[in-house]
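J.: My file is entry-v7.txt. It has compact mmCIF, C-alpha atoms and all ligand atoms:
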# COMPACT_ATOMS: atom_id res chain seq x y z
CA MET A 1001 0.00 0.00 0.00
CA LYS A 1002 1.23 3.48 -0.76
CA SER A 1003 2.70 5.32 2.20
CA ASP A 1004 0.52 8.41 1.87
CA ALA A 1005 -2.91 7.79 3.33
CA ILE A 1006 -4.79 10.27 1.19
CA ASP A 1007 -3.32 8.93 -2.07
CA ALA A 1008 -4.26 5.40 -1.18
CA THR A 1009 -7.85 6.20 -0.27
CA HIS A 1010 -8.39 8.52 -3.20
CA GLU A 1011 -7.03 6.06 -5.71
CA PHE A 1012 -9.05 2.99 -4.72
CA LEU A 1013 -12.05 4.12 -2.69
CA VAL A 1014 -15.24 5.95 -3.48
CA ARG A 1015 -15.33 9.21 -1.53
CA TYR A 1016 -18.61 9.31 0.31
CA GLY A 1017 -18.84 12.83 1.67
CA GLY A 1018 -18.33 14.15 5.16
CA ASP A 1019 -14.98 15.09 6.60
CA THR A 1020 -12.37 12.43 5.92
CA PHE A 1021 -9.41 12.51 8.28
CA PRO A 1022 -6.07 12.55 6.45
CA ARG A 1023 -4.84 9.26 7.94
CA LEU A 1024 -5.58 5.55 7.73
CA PHE A 1025 -6.69 3.99 11.01
CA THR A 1026 -5.77 0.60 12.34
CA SER A 1027 -7.06 0.02 15.86
CA ALA A 1028 -9.41 1.23 18.59
CA ARG A 1029 -9.67 0.54 22.34
CA GLY A 1030 -11.85 2.29 24.86
CA THR A 1031 -11.77 6.03 24.09
CA VAL A 1032 -8.62 5.82 21.97
CA VAL A 1033 -8.24 5.22 18.23
CA THR A 1034 -4.85 4.73 16.58
CA ASP A 1035 -3.67 5.52 13.05
CA ARG A 1036 -1.21 3.42 11.07
CA THR A 1037 1.75 5.57 12.15
CA GLY A 1038 0.91 4.71 15.76
CA ARG A 1039 -0.50 8.14 16.64
CA GLN A 1040 -3.33 8.00 19.12
CA TYR A 1041 -6.46 10.16 19.25
CA LEU A 1042 -9.12 10.56 21.89
CA ASP A 1043 -12.37 9.62 20.18
CA PHE A 1044 -14.98 12.14 21.31
CA THR A 1045 -17.46 11.00 18.65
CA SER A 1046 -17.69 7.36 19.86
CA GLY A 1047 -16.97 6.32 16.29
CA GLN A 1048 -20.16 7.17 14.46
CA MET A 1049 -21.98 7.68 17.80
CA CYS A 1050 -22.02 3.89 18.28
CA ALA A 1051 -19.25 2.88 20.70
CA THR A 1052 -21.00 3.85 23.94
CA ILE A 1053 -19.25 1.15 25.99
CA GLY A 1054 -15.89 2.05 24.46
CA HIS A 1055 -14.22 0.57 21.41
CA ASN A 1056 -13.53 -3.18 21.41
CA HIS A 1057 -14.79 -3.72 24.95
CA PRO A 1058 -13.66 -7.20 26.04
CA ALA A 1059 -17.33 -8.19 26.46
CA ILE A 1060 -17.96 -7.41 22.79
CA VAL A 1061 -14.89 -9.35 21.73
CA ASP A 1062 -16.06 -12.33 23.85
CA ALA A 1063 -19.52 -12.10 22.26
CA LEU A 1064 -17.94 -12.21 18.82
CA HIS A 1065 -16.05 -15.36 19.79
CA ARG A 1066 -19.22 -16.88 21.25
CA ALA A 1067 -21.12 -16.21 18.03
CA GLY A 1068 -18.20 -17.66 16.09
CA ASP A 1069 -18.40 -20.84 18.16
CA LYS A 1070 -22.19 -21.12 17.86
CA ALA A 1071 -23.66 -19.49 14.72
CA LEU A 1072 -23.26 -16.30 12.70
CA HIS A 1073 -26.24 -16.58 10.40
CA PHE A 1074 -29.38 -18.59 9.67
CA PHE A 1075 -32.20 -18.64 7.12
CA SER A 1076 -34.46 -15.68 7.95
CA GLY A 1077 -37.27 -18.03 9.03
CA MET A 1078 -35.10 -19.66 11.71
CA ILE A 1079 -35.24 -17.57 14.84
CA PRO A 1080 -32.00 -17.92 16.82
CA GLU A 1081 -32.34 -18.52 20.55
CA VAL A 1082 -30.15 -15.49 21.25
CA VAL A 1083 -32.51 -13.25 19.25
CA ALA A 1084 -35.48 -14.36 21.36
CA GLU A 1085 -33.40 -13.61 24.47
CA LEU A 1086 -32.56 -10.12 23.16
CA GLY A 1087 -36.24 -9.46 22.44
CA GLU A 1088 -37.11 -10.38 26.01
CA THR A 1089 -34.28 -8.26 27.43
CA LEU A 1090 -35.39 -5.18 25.49
CA ALA A 1091 -39.01 -5.60 26.53
CA THR A 1092 -38.36 -6.31 30.19
CA LYS A 1093 -35.42 -4.00 30.92
CA TRP A 1094 -35.06 -1.20 28.39
CA MET A 1095 -38.25 -0.25 26.56
CA PRO A 1096 -41.10 1.81 28.03
CA GLU A 1097 -43.97 -0.35 29.23
CA GLY A 1098 -46.09 -1.68 26.39
CA LEU A 1099 -43.39 -1.71 23.71
CA ASN A 1100 -42.74 -5.41 24.02
CA LYS A 1101 -42.45 -6.71 20.46
CA SER A 1102 -39.18 -6.24 18.58
CA ILE A 1103 -37.59 -6.99 15.22
CA PHE A 1104 -33.82 -6.99 14.69
CA ILE A 1105 -32.10 -5.66 11.60
CA ASN A 1106 -28.80 -3.95 10.89
CA THR A 1107 -28.71 -0.18 10.45
CA GLY A 1108 -30.58 2.93 11.48
CA SER A 1109 -31.80 3.62 7.96
CA GLU A 1110 -33.25 0.13 7.89
CA SER A 1111 -34.88 0.39 11.30
CA ASN A 1112 -36.57 3.65 10.32
CA GLU A 1113 -37.77 2.07 7.06
CA VAL A 1114 -39.26 -0.69 9.21
CA ALA A 1115 -40.89 1.86 11.53
CA LEU A 1116 -42.43 3.82 8.65
CA ARG A 1117 -43.66 0.63 6.97
CA MET A 1118 -45.26 -0.50 10.21
CA ALA A 1119 -47.01 2.84 10.62
CA LYS A 1120 -48.22 2.88 7.01
CA MET A 1121 -49.54 -0.64 7.20
CA TYR A 1122 -51.19 -0.20 10.59
CA THR A 1123 -52.90 3.12 9.77
CA GLY A 1124 -53.48 2.50 6.08
CA GLY A 1125 -52.08 6.02 5.54
CA PHE A 1126 -48.86 7.30 4.02
CA GLU A 1127 -48.44 10.96 5.01
CA ILE A 1128 -45.64 11.66 7.45
CA LEU A 1129 -44.74 14.58 9.69
CA THR A 1130 -41.07 15.04 10.49
CA LEU A 1131 -38.98 17.70 12.25
CA GLY A 1132 -36.72 20.06 10.34
CA GLY A 1133 -33.01 19.27 10.65
CA SER A 1134 -33.66 15.61 11.33
CA TRP A 1135 -31.53 12.75 10.17
CA HIS A 1136 -33.23 9.38 9.86
CA GLY A 1137 -31.00 7.72 7.30
CA ILE A 1138 -29.80 7.47 3.76
CA THR A 1139 -32.21 5.07 2.02
CA GLY A 1140 -35.18 6.15 -0.08
CA GLY A 1141 -38.05 6.33 2.38
CA VAL A 1142 -36.13 7.66 5.35
CA SER A 1143 -34.06 10.19 3.41
CA ALA A 1144 -37.39 11.75 2.41
CA VAL A 1145 -38.05 12.53 6.07
CA SER A 1146 -34.49 13.76 6.73
CA MET A 1147 -32.86 17.11 6.06
CA ALA A 1148 -32.95 17.88 2.37
CA SER A 1149 -29.30 18.89 1.93
CA ASP A 1150 -28.14 15.27 1.75
CA ARG A 1151 -30.70 13.96 -0.73
CA LYS A 1152 -30.09 16.49 -3.50
CA GLY A 1153 -29.29 14.88 -6.82
CA TYR A 1154 -31.08 11.58 -6.31
CA GLY A 1155 -34.41 12.35 -7.89
CA ILE A 1156 -37.85 12.78 -6.40
CA PRO A 1157 -38.20 11.87 -2.70
CA THR A 1158 -41.20 10.00 -1.31
CA PRO A 1159 -44.25 12.28 -1.51
CA GLY A 1160 -46.49 13.06 1.46
CA VAL A 1161 -43.85 14.39 3.83
CA PHE A 1162 -44.59 17.55 5.86
CA VAL A 1163 -42.09 19.37 8.05
CA ILE A 1164 -42.54 20.81 11.54
CA PRO A 1165 -39.93 23.50 12.34
CA GLU A 1166 -37.56 21.95 14.85
CA PRO A 1167 -37.41 23.45 18.35
CA ASN A 1168 -34.18 25.41 18.75
CA SER A 1169 -33.47 27.00 22.12
CA PHE A 1170 -30.61 29.12 20.73
CA ARG A 1171 -32.39 30.30 17.59
CA PRO A 1172 -36.14 30.17 18.18
CA TYR A 1173 -37.82 31.13 14.93
CA ILE A 1174 -40.12 33.55 16.77
CA PRO A 1175 -38.20 36.55 18.14
CA GLY A 1176 -38.98 37.35 21.74
CA ALA A 1177 -40.76 34.06 22.43
CA THR A 1178 -39.45 31.64 25.02
CA GLU A 1179 -38.06 28.37 23.76
CA GLU A 1180 -41.23 26.50 24.71
CA GLU A 1181 -43.61 29.15 23.34
CA ALA A 1182 -41.78 29.19 20.02
CA ALA A 1183 -41.67 25.41 19.77
CA LEU A 1184 -45.39 25.07 20.49
CA ALA A 1185 -46.43 27.96 18.23
CA ASN A 1186 -44.43 26.53 15.33
CA LEU A 1187 -45.94 23.13 15.92
CA GLU A 1188 -49.45 24.53 15.98
CA LEU A 1189 -48.90 26.32 12.69
CA ALA A 1190 -47.32 23.28 11.06
CA LEU A 1191 -50.24 21.09 12.18
CA LYS A 1192 -52.71 23.63 10.81
CA MET A 1193 -50.94 23.50 7.45
CA PHE A 1194 -50.79 19.72 7.61
CA ASP A 1195 -54.50 19.47 8.28
CA MET A 1196 -55.22 21.76 5.32
CA GLN A 1197 -52.76 20.19 2.90
CA THR A 1198 -53.01 16.51 3.78
CA THR A 1199 -55.25 14.12 1.91
CA GLY A 1200 -56.34 12.71 5.26
CA HIS A 1201 -54.07 9.68 5.06
CA GLY A 1202 -51.68 10.40 7.90
CA ALA A 1203 -49.45 7.52 9.00
CA ALA A 1204 -46.88 8.82 11.46
CA ILE A 1205 -44.97 11.57 13.16
CA ILE A 1206 -41.28 10.70 13.37
CA ALA A 1207 -38.88 12.51 15.70
CA GLU A 1208 -35.44 12.15 17.24
CA PRO A 1209 -35.73 12.83 21.01
CA VAL A 1210 -32.58 14.95 20.60
CA ILE A 1211 -32.16 16.32 17.08
CA SER A 1212 -28.53 15.38 16.89
CA ALA A 1213 -27.15 15.90 13.38
CA GLY A 1214 -29.28 19.04 13.13
CA GLY A 1215 -27.20 20.63 15.92
CA VAL A 1216 -27.88 18.74 19.18
CA LEU A 1217 -31.26 20.36 19.79
CA VAL A 1218 -33.19 19.24 22.88
CA PRO A 1219 -36.92 19.85 22.46
CA PRO A 1220 -38.93 21.13 25.44
CA LYS A 1221 -40.89 18.37 27.21
CA ALA A 1222 -44.17 20.11 26.39
CA PHE A 1223 -43.29 19.89 22.70
CA MET A 1224 -42.78 16.13 22.84
CA GLN A 1225 -46.05 15.74 24.75
CA ALA A 1226 -47.75 17.87 22.08
CA LEU A 1227 -46.38 15.55 19.37
CA ARG A 1228 -47.98 12.62 21.19
CA LYS A 1229 -51.32 14.44 21.24
CA ALA A 1230 -51.01 15.53 17.60
CA ALA A 1231 -50.51 11.92 16.53
CA ASP A 1232 -53.41 10.65 18.68
CA ASP A 1233 -55.76 13.36 17.42
CA ARG A 1234 -55.12 12.33 13.83
CA GLY A 1235 -54.99 8.56 14.21
CA MET A 1236 -51.29 8.61 13.37
CA LEU A 1237 -48.51 6.72 15.12
CA LEU A 1238 -45.68 8.43 16.98
CA ILE A 1239 -42.23 7.09 16.14
CA PHE A 1240 -39.12 7.97 18.13
CA ASP A 1241 -35.87 7.47 16.27
CA GLU A 1242 -33.56 6.58 19.14
CA ALA A 1243 -30.49 5.70 17.09
CA GLN A 1244 -28.41 7.86 19.42
CA THR A 1245 -30.58 8.42 22.48
CA ALA A 1246 -31.42 4.83 23.47
CA PHE A 1247 -29.22 2.88 25.87
CA GLY A 1248 -27.70 5.51 28.10
CA ARG A 1249 -26.21 8.23 25.93
CA ILE A 1250 -28.50 10.93 27.38
CA GLY A 1251 -28.54 9.52 30.91
CA THR A 1252 -31.76 7.53 30.67
CA ARG A 1253 -32.59 4.16 29.14
CA THR A 1254 -34.41 5.89 26.28
CA GLY A 1255 -35.36 9.36 25.12
CA ALA A 1256 -38.96 8.31 25.73
CA GLU A 1257 -38.07 7.85 29.40
CA HIS A 1258 -36.42 11.27 29.56
CA PHE A 1259 -39.47 13.04 28.13
CA GLY A 1260 -42.07 10.87 29.87
CA VAL A 1261 -43.70 10.27 26.50
CA THR A 1262 -44.33 6.77 25.18
CA PRO A 1263 -44.35 6.54 21.40
CA ASP A 1264 -46.00 3.71 19.47
CA ILE A 1265 -42.73 2.67 17.88
CA ILE A 1266 -39.10 3.08 18.93
CA SER A 1267 -36.38 2.67 16.35
CA MET A 1268 -32.89 1.84 17.67
CA SER A 1269 -29.55 1.28 15.98
CA LYS A 1270 -26.08 2.74 16.60
CA THR A 1271 -25.91 2.33 20.37
CA LEU A 1272 -27.46 -1.15 20.30
CA GLY A 1273 -24.49 -2.70 18.49
CA GLY A 1274 -21.73 -0.82 20.31
CA GLY A 1275 -19.89 -0.50 16.98
CA LEU A 1276 -21.34 -3.46 15.10
CA PRO A 1277 -24.19 -3.11 12.61
CA MET A 1278 -27.23 -3.84 14.70
CA ALA A 1279 -30.66 -2.23 14.83
CA ALA A 1280 -34.11 -2.90 16.22
CA VAL A 1281 -37.66 -1.66 16.19
CA SER A 1282 -39.96 -2.14 19.18
CA THR A 1283 -43.71 -1.68 19.15
CA THR A 1284 -46.86 -2.73 20.96
CA THR A 1285 -48.52 -6.14 20.82
CA ALA A 1286 -51.63 -4.58 19.28
CA ILE A 1287 -49.70 -3.03 16.40
CA GLU A 1288 -47.63 -6.17 15.86
CA GLU A 1289 -50.73 -8.37 15.72
CA ASP A 1290 -52.52 -6.03 13.36
CA ILE A 1291 -49.67 -5.81 10.85
CA PHE A 1292 -48.94 -9.53 11.13
CA ASN A 1293 -52.51 -10.16 10.03
CA LYS A 1294 -51.96 -7.75 7.14
CA LYS A 1295 -48.83 -9.70 6.12
CA PHE A 1296 -46.13 -7.28 7.27
CA ALA A 1297 -42.88 -8.32 5.61
CA PHE A 1298 -39.26 -7.45 6.30
CA TYR A 1299 -37.30 -10.63 5.59
CA THR A 1300 -33.90 -9.16 4.70
CA SER A 1301 -30.73 -11.27 4.40
CA HIS A 1302 -29.66 -10.38 7.91
CA VAL A 1303 -32.91 -9.99 9.81
CA SER A 1304 -32.61 -11.82 13.16
CA ASP A 1305 -28.95 -12.69 12.68
CA PRO A 1306 -27.44 -14.23 15.82
CA LEU A 1307 -24.10 -12.39 15.52
CA GLY A 1308 -25.53 -8.93 16.20
CA ALA A 1309 -27.87 -10.23 18.90
CA GLU A 1310 -24.98 -11.85 20.78
CA VAL A 1311 -23.10 -8.53 20.69
CA SER A 1312 -26.15 -6.45 21.67
CA LEU A 1313 -26.81 -8.63 24.71
CA ALA A 1314 -23.19 -8.09 25.73
CA VAL A 1315 -23.53 -4.31 25.27
CA LEU A 1316 -26.69 -4.21 27.38
CA ARG A 1317 -25.07 -6.30 30.12
CA VAL A 1318 -22.04 -3.99 30.26
CA LEU A 1319 -24.30 -0.94 30.44
CA GLU A 1320 -25.93 -2.48 33.52
CA GLN A 1321 -22.82 -3.91 35.17
CA GLU A 1322 -20.76 -0.75 34.76
CA HIS A 1323 -23.72 1.54 35.63
CA LEU A 1324 -23.11 3.46 32.43
CA VAL A 1325 -26.57 5.05 32.17
CA GLU A 1326 -25.98 6.84 35.48
CA ARG A 1327 -22.39 7.49 34.51
CA ALA A 1328 -23.52 9.38 31.40
CA ASN A 1329 -25.07 11.97 33.72
CA VAL A 1330 -22.07 12.20 36.03
CA MET A 1331 -19.49 12.46 33.27
CA GLY A 1332 -21.82 14.66 31.22
CA ARG A 1333 -21.88 17.16 34.09
CA TYR A 1334 -18.09 16.99 34.36
CA LEU A 1335 -17.70 17.62 30.62
CA ARG A 1336 -20.25 20.43 30.68
CA GLU A 1337 -18.37 22.18 33.51
CA HIS A 1338 -15.23 22.15 31.39
CA MET A 1339 -17.12 23.55 28.43
CA GLU A 1340 -18.60 26.29 30.62
CA THR A 1341 -15.11 27.25 31.75
CA LEU A 1342 -14.11 27.54 28.09
CA GLN A 1343 -17.24 29.58 27.39
CA GLN A 1344 -16.17 32.12 30.02
CA LYS A 1345 -12.85 32.40 28.25
CA TYR A 1346 -14.02 32.53 24.63
CA GLU A 1347 -16.77 34.78 23.24
CA ALA A 1348 -16.91 32.39 20.30
CA ILE A 1349 -18.71 29.77 22.39
CA GLY A 1350 -22.29 30.94 22.06
CA ASP A 1351 -24.21 28.06 23.54
CA ILE A 1352 -23.75 24.77 25.39
CA ARG A 1353 -26.64 22.33 25.35
CA GLY A 1354 -27.51 18.66 25.39
CA LEU A 1355 -28.28 15.83 27.75
CA GLY A 1356 -26.01 13.32 29.48
CA LEU A 1357 -22.95 12.70 27.33
CA LEU A 1358 -24.45 14.17 24.17
CA LEU A 1359 -23.38 17.80 24.21
CA GLY A 1360 -23.62 20.49 21.56
CA VAL A 1361 -21.27 23.46 21.72
CA GLU A 1362 -22.25 26.15 19.25
CA LEU A 1363 -19.61 28.50 17.83
CA VAL A 1364 -20.60 32.03 16.85
CA GLU A 1365 -18.93 35.07 15.27
CA ASP A 1366 -20.22 37.13 18.18
CA ARG A 1367 -22.73 36.46 20.90
CA ASN A 1368 -25.14 39.22 19.89
CA SER A 1369 -25.60 38.42 16.23
CA ARG A 1370 -25.23 34.66 16.86
CA GLU A 1371 -23.91 34.34 13.33
CA PRO A 1372 -22.48 30.84 12.94
CA ALA A 1373 -18.66 30.66 13.01
CA HIS A 1374 -18.32 28.00 10.33
CA GLU A 1375 -14.67 28.72 9.48
CA LEU A 1376 -13.63 28.75 13.11
CA GLY A 1377 -15.45 25.45 13.57
CA ALA A 1378 -13.58 23.85 10.69
CA LEU A 1379 -10.21 25.24 11.75
CA THR A 1380 -10.47 24.29 15.41
CA THR A 1381 -11.72 20.80 14.58
CA ARG A 1382 -8.70 20.32 12.30
CA LYS A 1383 -6.39 21.60 15.00
CA CYS A 1384 -7.98 19.25 17.56
CA PHE A 1385 -7.23 16.34 15.27
CA GLU A 1386 -3.60 17.43 14.87
CA LYS A 1387 -3.35 17.56 18.67
CA GLY A 1388 -4.89 14.13 19.20
CA LEU A 1389 -8.62 14.71 19.65
CA SER A 1390 -11.19 13.45 17.18
CA MET A 1391 -14.18 15.80 17.14
CA ASN A 1392 -17.24 16.25 14.99
CA ILE A 1393 -18.52 19.62 13.87
CA ARG A 1394 -22.08 19.87 12.52
CA ARG A 1395 -21.67 22.55 9.91
CA ARG A 1396 -24.67 22.92 7.61
CA PRO A 1397 -24.63 26.24 5.77
CA GLU A 1398 -28.18 27.03 6.82
CA ARG A 1399 -27.67 26.07 10.47
CA GLY A 1400 -25.19 26.77 13.25
CA ALA A 1401 -21.63 25.51 13.62
CA VAL A 1402 -21.97 23.01 16.43
CA TRP A 1403 -19.46 20.65 17.93
CA ARG A 1404 -21.19 17.43 18.82
CA ILE A 1405 -19.25 16.07 21.78
CA ALA A 1406 -20.10 12.51 22.64
CA PRO A 1407 -17.29 10.34 24.03
CA PRO A 1408 -17.99 6.74 25.09
CA LEU A 1409 -19.88 6.53 28.39
CA THR A 1410 -16.78 4.81 29.79
CA VAL A 1411 -14.70 7.99 29.31
CA SER A 1412 -12.50 8.90 32.30
CA GLU A 1413 -12.15 12.25 34.01
CA SER A 1414 -8.55 12.51 32.89
CA GLU A 1415 -9.59 11.91 29.26
CA ILE A 1416 -12.12 14.72 29.57
CA ASP A 1417 -9.40 16.93 31.12
CA GLN A 1418 -7.06 16.16 28.22
CA ALA A 1419 -9.73 16.76 25.58
CA SER A 1420 -10.67 20.09 27.18
CA GLU A 1421 -7.02 21.21 27.19
CA ILE A 1422 -6.80 20.35 23.49
CA LEU A 1423 -10.01 22.27 22.75
CA ASP A 1424 -8.70 25.22 24.71
CA ALA A 1425 -5.42 25.23 22.77
CA ALA A 1426 -7.19 24.78 19.43
CA LEU A 1427 -9.51 27.73 20.13
CA ARG A 1428 -6.66 29.91 21.39
CA GLU A 1429 -4.51 29.25 18.32
CA SER A 1430 -7.41 29.64 15.90
CA LEU A 1431 -8.51 32.96 17.38
CA ASP A 1432 -4.96 34.42 17.57
N1 LIG B 1 -31.26 8.05 12.78
C1 LIG B 1 -30.40 8.83 13.45
C2 LIG B 1 -30.92 9.69 14.56
C3 LIG B 1 -29.05 8.84 13.11
O1 LIG B 1 -28.20 9.61 13.77
C4 LIG B 1 -28.60 8.00 12.07
C5 LIG B 1 -27.14 7.93 11.67
N2 LIG B 1 -26.47 9.12 11.64
C6 LIG B 1 -29.54 7.21 11.40
C7 LIG B 1 -30.85 7.25 11.79
C8 LIG B 1 -29.15 6.33 10.27
O2 LIG B 1 -28.48 5.23 10.72
P1 LIG B 1 -27.51 4.41 9.75
O3 LIG B 1 -26.44 5.35 9.35
O4 LIG B 1 -27.05 3.29 10.63
O5 LIG B 1 -28.31 3.94 8.61
Once you've parsed the file, please lay out its structure as C-alpha cells.
Ligand code: PMP

T.:
Amino acid sequence: MKSDAIDATHEFLVRYGGDTFPRLFTSARGTVVTDRTGRQYLDFTSGQMCATIGHNHPAIVDALHRAGDKALHFFSGMIPEVVAELGETLATKWMPEGLNKSIFINTGSESNEVALRMAKMYTGGFEILTLGGSWHGITGGVSAVSMASDRKGYGIPTPGVFVIPEPNSFRPYIPGATEEEAALANLELALKMFDMQTTGHGAAIIAEPVISAGGVLVPPKAFMQALRKAADDRGMLLIFDEAQTAFGRIGTRTGAEHFGVTPDIISMSKTLGGGLPMAAVSTTTAIEEDIFNKKFAFYTSHVSDPLGAEVSLAVLRVLEQEHLVERANVMGRYLREHMETLQQKYEAIGDIRGLGLLLGVELVEDRNSREPAHELGALTTRKCFEKGLSMNIRRRPERGAVWRIAPPLTVSESEIDQASEILDAALRESLD
C-alpha cells in the first residue's frame, strides 16, 4: 500500500462525503483510536456515535467469539435462541412499558424504514410529519423525512412528507418568544398546514428525542407531549428514532423515558451494536398483531442474525454492570463544567446544550448576532485532530456551527481533562 494515506484512499475508494481525516486507522480501544503511524487520538465521537461502551470492549470481543463458536447466520425463518433472548431483554429491561415486540435488523436507515412501513400498514395512511433538521438515514423512504441537503441529486423523494420547524433554544424562529412558546407555536402552525394540505391519510410523526445531526437540539418536554397528542388526534402513530438516544447516551434508558412520552414505535440502531451493525424496532402487541394479520414483511438477508444479537446482549449487560446510564449523567456534568469554563474564556462559544454525554457546543462570530462561526469550527476541529482529539462539527450552511461532543460513556475524568485542554489550545490558536 502506498505510504501516503490520502493517495491510497483517493485512488481505490469511493469518496462518500463528510470530513475524511487525512490518515488511515488501524485500531481502537476504549476512548482511543490509533492511526497506522501509531499516533493515538481521543475519540470524542464514539466512532459514528455507536461505541458507547468504548471501542472493542472485552465483552464485545467475547460475544464475537461466542457467536463464532455457535452461529453467525441462519435462514431468515429460523429464529436464533439469542434473538429471542434479546427481544425479552429489550421488553423487560429497556423499553417503556407496552413496547414489548421487537424486530432486529442492521442499520438505522433500515430500522426507520421498518418503523415507517409498520405505521403505514397499521394506519393504512402514508403521510408523514417530520422535524426540520432531522436525520433518519440514507435510504429512499427515510431520506425523504431527513434534512434535504443530503438527498439532493437523487431524484424525487417519497411524496407526502410535511415538516414541523424543529425546536431550537438558541435560535427560536419567533423573536422574543421563550423556547417552549416558540416550539409550540411553530408546531401549531405546522399542524394547521398539515391538516389543510393533507389528503387525510396520515401515517406517522417521526422525531429524534434529541435532534442530533441538526445541531444537538433538545426539544422542550411540552413539545414532545404535544407531538404525542397531535398523533393521537389524527390517528397517526408516533415514532421515536432513538439511534443515538437509546441505551444511556443521554442519561436515561431511552429518550422516551427522559421526556415521559411513550411513542407507538421506537427505532434503535447505533448504540445497540456498540460499533457493530445492529438495529431494532420495538412496538406494541396490538400493532404487531394487526400488521402480522396484514402480512407485514421485512425478511432481509440479515434480519434476526445471531451475531448482532450476541453482541447487543453483551452491550446491554455492560451498560448495567458498569452503571453506564448513570455514569452518562455524572461524566456529562463533568464535561459540561469544562465547556462552561471555556465559554467564560471565549466569546466564540455561544451556547452549550444537550443531555447526558451528548453535548452540543455552538460556535458564533459574536454572541449578539449569533452568526455561525463556520470557518472557526472547521479550523479548530482540524487543530484538535492534529493535537490528538477526534471531534465532529455539525456545519450545515443554513444552520449553526456546532461541535457534537459525545465520548464513550466509559470515558474517564482525565480523558475529559485532556480533551478540554486540546479544545482550549485549538480555540486559542485559531482565534490568535
Ligand atoms: N437516525 C439517526 C438519529 C441517526 O443519527 C442516524 C445515523 N447518523 C440514522 C438514523 C441512520 O443510521 P444508519 O447510518 O445506521 O443507517

J.: Go through A:Ala1348, A:Val1411, A:Ala1207, A:Leu1099 one by one, measure the shortest atom-to-atom distance of each to ligand LIG 1 (chain B) using only C-alpha atoms and all ligand atoms, and give the residue with the smallest value.

T.: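 Nearest candidate to ligand LIG 1 (chain B) out of A:Ala1348, A:Val1411, A:Ala1207, A:Leu1099: A:Ala1207.
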
J.: Enumerate as a ChimeraX atom specification the residues within 6 Å of ligand LIG 1 (chain B), counting all atoms listed in the file.

T.: /A:1107-1109,1135-1137,1208,1241,1243-1244

J.: Residues within 8 Å of (-51.9, 10.0, 11.7), file coordinates, counting only C-alpha atoms: what are they? Give the list as a ChimeraX atom specification.

T.: /A:1123,1125,1127-1128,1201-1205,1231-1237

J.: Nearest residue to Gln1343 of chain A out of A:His1323, A:Arg1151, A:His1010, A:Arg1367, using all atoms listed in the file?

T.: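 Answer, going by the shortest atom-to-atom distance: A:Arg1367.
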
J.: Select, from A:Thr1381, A:Gly1133, A:Glu1310, A:Leu1324, the residue with the minimum atom-to-atom distance to Glu1081 of chain A, counting only C-alpha atoms.

T.: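 Among the listed residues, the smallest separation from Glu1081 of chain A belongs to A:Glu1310.
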
J.: Out of A:Phe1044, A:Tyr1016, A:Phe1104, A:Phe1296, which residue has the shortest atom-to-atom distance to Leu1335 of chain A when counting only C-alpha atoms?

T.: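 The answer is A:Phe1044, which sits nearest to Leu1335 of chain A.
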
J.: Dump as a PyMOL selection string all residues having an atom at most 12 Å from (-48.1, 18.3, 19.8), computed in the file's coordinates with only C-alpha atoms.

T.: chain A and resi 1129+1131+1164+1167+1180+1183-1192+1205+1207+1219-1234+1238+1261

J.: Of the candidates A:Gln1418, A:Asn1329, A:Gln1048, A:Thr1252, which one gets nearest to Leu1357 of chain A if we count only C-alpha atoms?

T.: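 For Leu1357 of chain A, the nearest of the given residues is A:Asn1329.
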
J.: Put segment 1105-1116 of chain A into a file with N, CA and C atoms, as a compact mmCIF listing (two decimals), in the first residue's frame.

T.:
# COMPACT_ATOMS: atom_id res chain seq x y z
N ILE A 1105 -32.73 -5.81 12.90
CA ILE A 1105 -32.10 -5.66 11.60
C ILE A 1105 -30.71 -5.07 11.78
N ASN A 1106 -30.22 -4.30 10.81
CA ASN A 1106 -28.80 -3.95 10.89
C ASN A 1106 -28.41 -2.48 11.05
N THR A 1107 -29.13 -1.58 10.39
CA THR A 1107 -28.71 -0.18 10.45
C THR A 1107 -29.89 0.72 10.81
N GLY A 1108 -29.56 1.96 11.11
CA GLY A 1108 -30.58 2.93 11.48
C GLY A 1108 -31.50 3.28 10.32
N SER A 1109 -30.95 3.35 9.13
CA SER A 1109 -31.80 3.62 7.96
C SER A 1109 -32.84 2.51 7.84
N GLU A 1110 -32.35 1.29 8.00
CA GLU A 1110 -33.25 0.13 7.89
C GLU A 1110 -34.31 0.13 9.00
N SER A 1111 -33.90 0.45 10.21
CA SER A 1111 -34.88 0.39 11.30
C SER A 1111 -35.95 1.46 11.11
N ASN A 1112 -35.55 2.62 10.57
CA ASN A 1112 -36.57 3.65 10.32
C ASN A 1112 -37.46 3.28 9.14
N GLU A 1113 -36.92 2.58 8.15
CA GLU A 1113 -37.77 2.07 7.06
C GLU A 1113 -38.81 1.10 7.65
N VAL A 1114 -38.34 0.25 8.56
CA VAL A 1114 -39.26 -0.69 9.21
C VAL A 1114 -40.35 0.08 9.95
N ALA A 1115 -39.92 1.09 10.71
CA ALA A 1115 -40.89 1.86 11.53
C ALA A 1115 -41.93 2.53 10.63
N LEU A 1116 -41.48 3.14 9.54
CA LEU A 1116 -42.43 3.82 8.65
C LEU A 1116 -43.36 2.81 7.98
